[in-house]
Each structure stands twice: as structure tokens, then as C-alpha cells.
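The structure appears below as C-alpha cells.
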Amino acid sequence: MALLSLREVSKSFGGLIAVKELSLDVEPGSIVSLIGPNGAGKSTVFNLITGIYEPTHGDVVFAGRRLNGLKPNAVCAAGIMRTFQNIRLFAFMTVLENVMVGQHARLKAAVWDGALHTRFASNEDKAADRKAMELLEFVGLEAYTSFWARNLPYGMQRRLEIARALAGEPQLLLLDEPAAGTNPAEKDALMQLVRSIRDRGVTILLIEHDMRLVMGISDEVHVLDYGEKIAQGPPQAVRRNPRVIEAYLGKGA
Amino acid sequence: MSGPRRAFWAVLILIALGLPFIDRNSAHISAYVDTGYIVLLALGLNIIVGYTGLLALGFAAFYAVGAYTYAFFASPQFGMHVSFWLMLAGGGAVSALFGVLLGAPTLRLRGDYLAIVTLGFGEIVPQLLQNLDKYTGGPDGIASIDQPRLFGFSFGFNPVPYYYVCLAVLAISLWLLNNLRHSRLGRAWMAIREDELAAAHMGINTTATKLLAFAMGSAFAGLAGVLLAGKYGAVSPSGFDFNTSIMILAAIVLGGMGNLTGVFVGGIIIGLLNSLLLPQASNLMHALGRFTHIPVLQAVDLNQYRFMVYGGILVLVMLFRPEGLIPSATRRAELRVQHHDAVVTGAGAEHMAAQEPVV
């Protein structure tokens, strides 16, 4: 059974239809990419999954549970974490604190535990600290734990966002253009990172413009244009699909 | 806690404990107690403004709620005489409730809009207290409030016992707040301050967390209100006006928003200025006036210029040290960003590491 299913999901803003009757399955353990020209509705799909928007029609089903109408924090608790197209780190918190905030939904210390610094809270925080360190090593930022997030260079900020998202122990990770603005060497490293995240057992849904990256790591690719799906399939097949070529390059003379 | 910091707090605690023996002038001690209340208020407002980033302006309203709660429950007004110690918790709780009542409808507002709504609330409360004279005693307020008793000993108007009670409350508050700052909740507050949408995606229930900030911040103000009503045995609406709200805000801006040590120091400076230095300076001016036979000096009342002084302080702080006297590492960075807006490059970057001072 698919881990995530969109079932004929539509979203309109007034008269504008941003996403139209989109159906999409993400199998557990796979890397699925969502591509399409700018304005095709890709980020809207992410926002529909994570509860920023509620679908006008259709259902979002995750691990057998309907997510429609859940708030972002509840979607996170259900096991979906995400990164953002425009990096949204907690700029003036340290790198380590960013990753610890990512664990929020997995930590249980109540208000009084924190206020009284009970043994429970103190042990839990120590464990959270260790886990954050482990994740920062995983993405290669262990040397920067006490920096403010905003002082990291761009490529590292992207990695920090991924570490922060992983801290929430997601079953499904949504990556919104993780390679945007990175150089070729960083892109190769990122591709490696995404694969090793999948190898940790996390399913990945990816929005990306970099075709080399998409073709290199995806198990399946879905192509959106004007809010509608125009193609889906393994990367090599999608790449040769005439409708996809038309959407990206326009009709040939 | 680092060595110098430990020494700083050790000296501070010793001075605080010994102060009533060093300075036996009871008017002075009374002023120190009032300063302590200002510090308590500043610590509470810091949760809302400094940690969670919600600019709330009418904070004195919660101070009033605490004070009047105690006045209602421990005076001839309604014939009730509940114990002061019980009402310390009770006043805090009622204020927290009002914090939630105000917080709930304003949760969708941010920045300027939130500031304006809280400002409105800050105006409504003193107005209600003035005009519901059947219950609140109107502009005269409520008098003959019970003063605290402990083991059969009544505190009366001797400021020394109030001093030590205030000190104990402050010590406990600082301990709680320092714990909270480094807890799951403290991190959630700051995450909301930095980016509310991203915070929600990290699993933080932003609604509940912001309400909690309002409730806990207001509880500190309520606590200060009960202490105040107990000490003076009387309350009236004039002590909880907009000027008081601004004074508390000035304290945290001066000290350094978001940093406990900074807020503590800011509260002490503004508090002492308010209840000790300006009245003293007036007396000094009068003496000078008599000595030099200048009638203007003899008549001057510097208390009248209090808010000019606070305004002046705010302007100077904003011009020369916008992050406050003892800022949190965060605020300093935020406000000084344009001066060292650089990107980390290799090994030479250690100096850019954030070192949030740990209280």
C-alpha cells in the first residue's frame, strides 16, 4: 500500500485553479520527484499535504489516515516533515537548537518538567542533544553546532534544514528544491545525502528543477503543468515524453 | 555557569540579602521592594516580548488584575479575608486567565496589530476599575486591604519583611525562567519568534504555545500585583496606567530583551530610578534651590519628568546600544547584523559562533 496517496486533489484560490484533480501515490521506501515549469503548482501540492492549505476537493491520505483539515503541527506529528523552497531556518537560534526544535513533536516534557528541570526533562534533553549531534554529523555540520543558523553559508543552510526535518523522525520527507542555488559539487553531495536518507528508511517526495539530480535519484517522476499531471513514470520514460518536452520548451515549429 | 558569571551572581545575592542591614532607612528599603516588583513585571513581559516575539503593550493591566484580585478577596470590600499566601497563587492564576482571555482573540495578529490591541486592553482595564465604582471603589480604589501575616506576625508597614518576600519570589522566578529558557517550551517560544510557519511544521502547536506565553507572562504580573496590594494595603487605578506599561517595556529594552540577566538589570535600573533616584534628586534640587535662593529649583518636582527621563533613556539606548545593556546573543546579532554580515569561511570563523550567555 502506498505511504502517501493524493486522490483527485484539487485546490482553487477564487477562480484560479492551482491544482486540478491530482492523483499521486508514493510507495514506502521510494524517492519520488515532482517536476514542472515554474508556477505549475508543485509547492501548492506540498502545502496541501502539510496542512497549510486544505484541498477544495479530494483526499490526502497518509499511512491509511486522511490528513484533510489537519494543522501543520498535527501533520508533523503524523510523520511528515518538510523543508522549504526559501530556506526557513530559525535564523537567530544555534544550529544545534534548530535541530532540537525539529524534535519537538517527539519530545514529551511537559511545561512543569521544563520549569522545574525535572530528571525526566533533563534526561530527555540530553538524549535530544545527542540525537541532534548525530544528525548534524550525518549531514556534515557537526563542526558548526554553536553557530547561528543565519551565519552558515547557503549550501549548509539547506543541509541544516534537512537535518532539522529528519529530527522529527518522519516516515515521509518532503524536500522543496533542495538543490536550488547550490554548485555542482554540492549537488553531487546532496544526491548522495538524499540516497542515504532513503537508506535510513525514510520515503522521499522531492520537488526539484535540476534535471540531472531528478533523473539520477528518482524511482518515479510526476510532471505537473498548470496544476494538472501531464506525465508520470520512471525518469527515462518521462524525459522522452513529448508532452513534457512541450511543457518545458513549448511547441516545436 | 562560567566563573565570572558565578561570581557576579554570588556578589549580587550577598548584597541583596544584606541590603536592609546596610541601608537602614525604611523609605529606601521600601523603594527597593518597589524596584523588585518592577523587576518581576519585566521578567513576565520578557516571556511575551523577548522570548516569543509578541509585542504586547498594555502589560500593566495584568498587574492591576493581580492587585485587585487580592483587594477583592482580602478586604472589607466584600467582607472576604483570604490568606495573602493563598492569594499569591490566586492572583497569579487570575492574571494568567486574563492573559489567555486577551491572548485568544489576538492570536492571529502580529507586530503592530497585536501591539494596538494589547494597548487597547491596557486602556480598558483602568477605565473599568475607575467606572465600576460599586465594586472597585472607583478612582479612590480599595483601602484597608489585609496585610500579610506569617506565624501570627503581621507585616504591617515595615518594609523589611516585604523585602525578603520579594527577594524570595524573585529568586524562585529567575530559577524557573532560566529552566524554561533551556527547555522544550523555551525553544518552541523562540522558534515562534524566529519563524512561526516553520515552527508549526516542526510540530509546535503555535496557538497553545503563544497562549502559554501570555498566561505565564501575565501570571508574573499578577504575582507582582498581589505583592503590591499587600504591601500598601490599598490599590487605585492610577498605578496601572499606560505609563506603567511603558515603564516595564523600557526596562526590558534597556536591559536587553530575551536575556534574563539583562532584563533583571534593566528592571533594577528603571525601578530604582522610579522609586528612589528621582524623588531623591528632587530633594537635592530643593536644597540647592534654598541654598542659592533660586525659586525654580526649590519648587521643581523631578517626578513630574519621569517619563521624559524614560523616553530619553529609550532614545539613547536605541541610538547607542539598540540591543540593550546586557543583550542576548541573538538580539545583538539581529541588530548589529549589517556591521558583520559575513559568511562563514573555514577556520577563521570561530569568533562568529553564538555564545548565548547562560544564567
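Note on naming: chains are A, B, ... as they come in the C-alpha cells, residues start from 1 per chain, ligands start from 1 in the order shown.
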Once you count only C-alpha atoms, which residues of chain A turn out to be within 8 Å of chain B? Could you give them as a ChimeraX atom specification? /A:50,72-77,81-82,88-94,97,101-105,107,109,111,114-117,121,125,144,146-148,151-153,165,168
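DSSP secondary structure from the backbone places Val26, Ile31, Val32, Ser33, Leu34, Ile35, His57, Gly58, Asp59, Val60, Val61, Phe62, Arg65, Arg66, Ile80, Met81, Arg82, Leu172, Leu173, Leu174, Leu175, Asp176, Thr203 and Ile204 of chain A of stretch 26-204 of chain A in strand (DSSP E).
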Expected file contents, prior selection, N, CA and C atoms, as a tab-separated table (two decimals), in the first residue's frame:
```
chain	number	residue	atom	x	y	z
A	26	VAL	N	2.83	7.58	-3.41
A	26	VAL	CA	4.24	7.46	-3.06
A	26	VAL	C	4.41	6.16	-2.29
A	31	ILE	N	11.97	7.11	-3.76
A	31	ILE	CA	12.24	8.53	-3.96
A	31	ILE	C	11.39	8.97	-5.15
A	32	VAL	N	10.43	9.83	-4.90
A	32	VAL	CA	9.51	10.26	-5.95
A	32	VAL	C	9.73	11.75	-6.18
A	33	SER	N	9.80	12.15	-7.45
A	33	SER	CA	10.01	13.56	-7.76
A	33	SER	C	8.78	14.18	-8.39
A	34	LEU	N	8.63	15.45	-8.08
A	34	LEU	CA	7.54	16.23	-8.65
A	34	LEU	C	8.21	17.35	-9.41
A	35	ILE	N	8.03	17.36	-10.75
A	35	ILE	CA	8.68	18.42	-11.52
A	35	ILE	C	7.63	19.15	-12.34
A	57	HIS	N	-11.21	19.90	-3.19
A	57	HIS	CA	-11.83	18.59	-3.40
A	57	HIS	C	-10.76	17.53	-3.21
A	58	GLY	N	-11.19	16.30	-2.99
A	58	GLY	CA	-10.26	15.19	-2.94
A	58	GLY	C	-9.67	14.96	-1.56
A	59	ASP	N	-8.89	13.89	-1.44
A	59	ASP	CA	-8.35	13.49	-0.15
A	59	ASP	C	-6.83	13.35	-0.20
A	60	VAL	N	-6.22	13.70	0.93
A	60	VAL	CA	-4.81	13.39	1.13
A	60	VAL	C	-4.77	12.29	2.18
A	61	VAL	N	-4.24	11.14	1.82
A	61	VAL	CA	-4.23	10.01	2.75
A	61	VAL	C	-2.79	9.61	3.03
A	62	PHE	N	-2.45	9.55	4.31
A	62	PHE	CA	-1.08	9.19	4.71
A	62	PHE	C	-1.14	8.00	5.66
A	65	ARG	N	-4.48	7.18	6.81
A	65	ARG	CA	-5.20	8.17	7.58
A	65	ARG	C	-5.43	9.41	6.73
A	66	ARG	N	-6.65	9.93	6.76
A	66	ARG	CA	-6.97	11.11	5.98
A	66	ARG	C	-6.41	12.35	6.67
A	80	ILE	N	5.17	13.39	8.86
A	80	ILE	CA	5.63	14.06	7.63
A	80	ILE	C	6.42	15.30	8.03
A	81	MET	N	7.65	15.41	7.56
A	81	MET	CA	8.42	16.63	7.80
A	81	MET	C	8.81	17.21	6.45
A	82	ARG	N	9.16	18.51	6.45
A	82	ARG	CA	9.46	19.14	5.16
A	82	ARG	C	10.57	20.16	5.26
A	172	LEU	N	7.88	10.17	6.04
A	172	LEU	CA	7.92	10.78	4.72
A	172	LEU	C	8.59	12.16	4.84
A	173	LEU	N	9.57	12.39	3.98
A	173	LEU	CA	10.28	13.67	3.99
A	173	LEU	C	9.97	14.40	2.68
A	174	LEU	N	9.48	15.64	2.79
A	174	LEU	CA	9.21	16.45	1.61
A	174	LEU	C	10.34	17.45	1.44
A	175	LEU	N	11.03	17.37	0.31
A	175	LEU	CA	12.15	18.29	0.06
A	175	LEU	C	11.74	19.24	-1.06
A	176	ASP	N	11.70	20.54	-0.76
A	176	ASP	CA	11.26	21.53	-1.74
A	176	ASP	C	12.49	22.21	-2.34
A	203	THR	N	10.98	7.64	3.35
A	203	THR	CA	10.47	7.82	1.99
A	203	THR	C	10.58	9.30	1.63
A	204	ILE	N	10.87	9.57	0.36
A	204	ILE	CA	11.15	10.97	-0.02
A	204	ILE	C	10.30	11.42	-1.20
```
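The coordinates place atom CA of B:Gly66 at 25.2 Å from atom CA of B:Leu254.
With only C-alpha atoms as the atoms that count, the residue of A:Ile217, A:Met133, A:Ile49, A:Ala18 with the shortest distance to A:Val194 is A:Ile217.
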Excluding B:Asp140 and residues on its chain fewer than 3 positions from it, collect all residues at most 8 Å away from it, counting only C-alpha atoms, and give them as JSON, numbers by chain. {"B": [137, 236, 237]}
Find the residues around stretch 39-48 of chain A up to 6 Å (only C-alpha atoms counted), leave out those fewer than 3 positions away in its own chain, and share them as an MDAnalysis selection string. chainID A and resid 18:19 36 51:54 224:227
For the atom pair atom CA of A:Arg200 and atom CA of A:Gly181, what is the interatomic distance in Å to one decimal place? 26.0 Å
Residues at most 10 Å from A:Gln236, counting only C-alpha atoms, excluding those fewer than 2 positions away in the same chain, as a PyMOL selection string? chain A and resi 215-216+220-221+233-234+238-241
Run DSSP on the backbone and grab whatever in stretch 118-221 of chain B lands in helix (DSSP H, G or I); send it over as a ChimeraX atom specification. /B:118-131,133-136,138-140,159-181,184-194,196-201,206-221
Can you work out the spacing between atom CA of A:Val95 and atom CA of B:Phe8 in Å, to one decimal? 28.9 Å
Would you mind listing what lies within 7 Å of stretch 74-84 of chain B as a ChimeraX atom specification, with only C-alpha atoms counted and same-chain residues fewer than 4 positions away left out? /B:70,88,144-146,148
Atoms to include: N, CA and C atoms. Write the selected residues as a PDB file, in the first residue's frame.
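To be explicit, this is the file written out as selection.pdb:
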```
ATOM      1  N   TYR B  70      -6.416  40.474  44.734  1.00  0.00           N
ATOM      2  CA  TYR B  70      -6.117  40.377  46.161  1.00  0.00           C
ATOM      3  C   TYR B  70      -7.013  41.333  46.960  1.00  0.00           C
ATOM      4  N   LEU B  88      -1.382  34.793  46.663  1.00  0.00           N
ATOM      5  CA  LEU B  88      -0.225  34.943  45.773  1.00  0.00           C
ATOM      6  C   LEU B  88      -0.430  34.023  44.566  1.00  0.00           C
ATOM      7  N   SER B 144      -7.771  49.555  53.162  1.00  0.00           N
ATOM      8  CA  SER B 144      -7.849  48.599  54.280  1.00  0.00           C
ATOM      9  C   SER B 144      -7.707  47.153  53.829  1.00  0.00           C
ATOM     10  N   ILE B 145      -6.853  46.942  52.833  1.00  0.00           N
ATOM     11  CA  ILE B 145      -6.584  45.565  52.397  1.00  0.00           C
ATOM     12  C   ILE B 145      -5.743  44.882  53.476  1.00  0.00           C
ATOM     13  N   ASP B 146      -6.053  43.602  53.698  1.00  0.00           N
ATOM     14  CA  ASP B 146      -5.292  42.862  54.716  1.00  0.00           C
ATOM     15  C   ASP B 146      -3.817  42.848  54.357  1.00  0.00           C
ATOM     16  N   PRO B 148      -0.080  41.037  54.866  1.00  0.00           N
ATOM     17  CA  PRO B 148       0.293  39.631  55.075  1.00  0.00           C
ATOM     18  C   PRO B 148       0.641  39.336  56.536  1.00  0.00           C
TER      19      PRO B 148
END
```
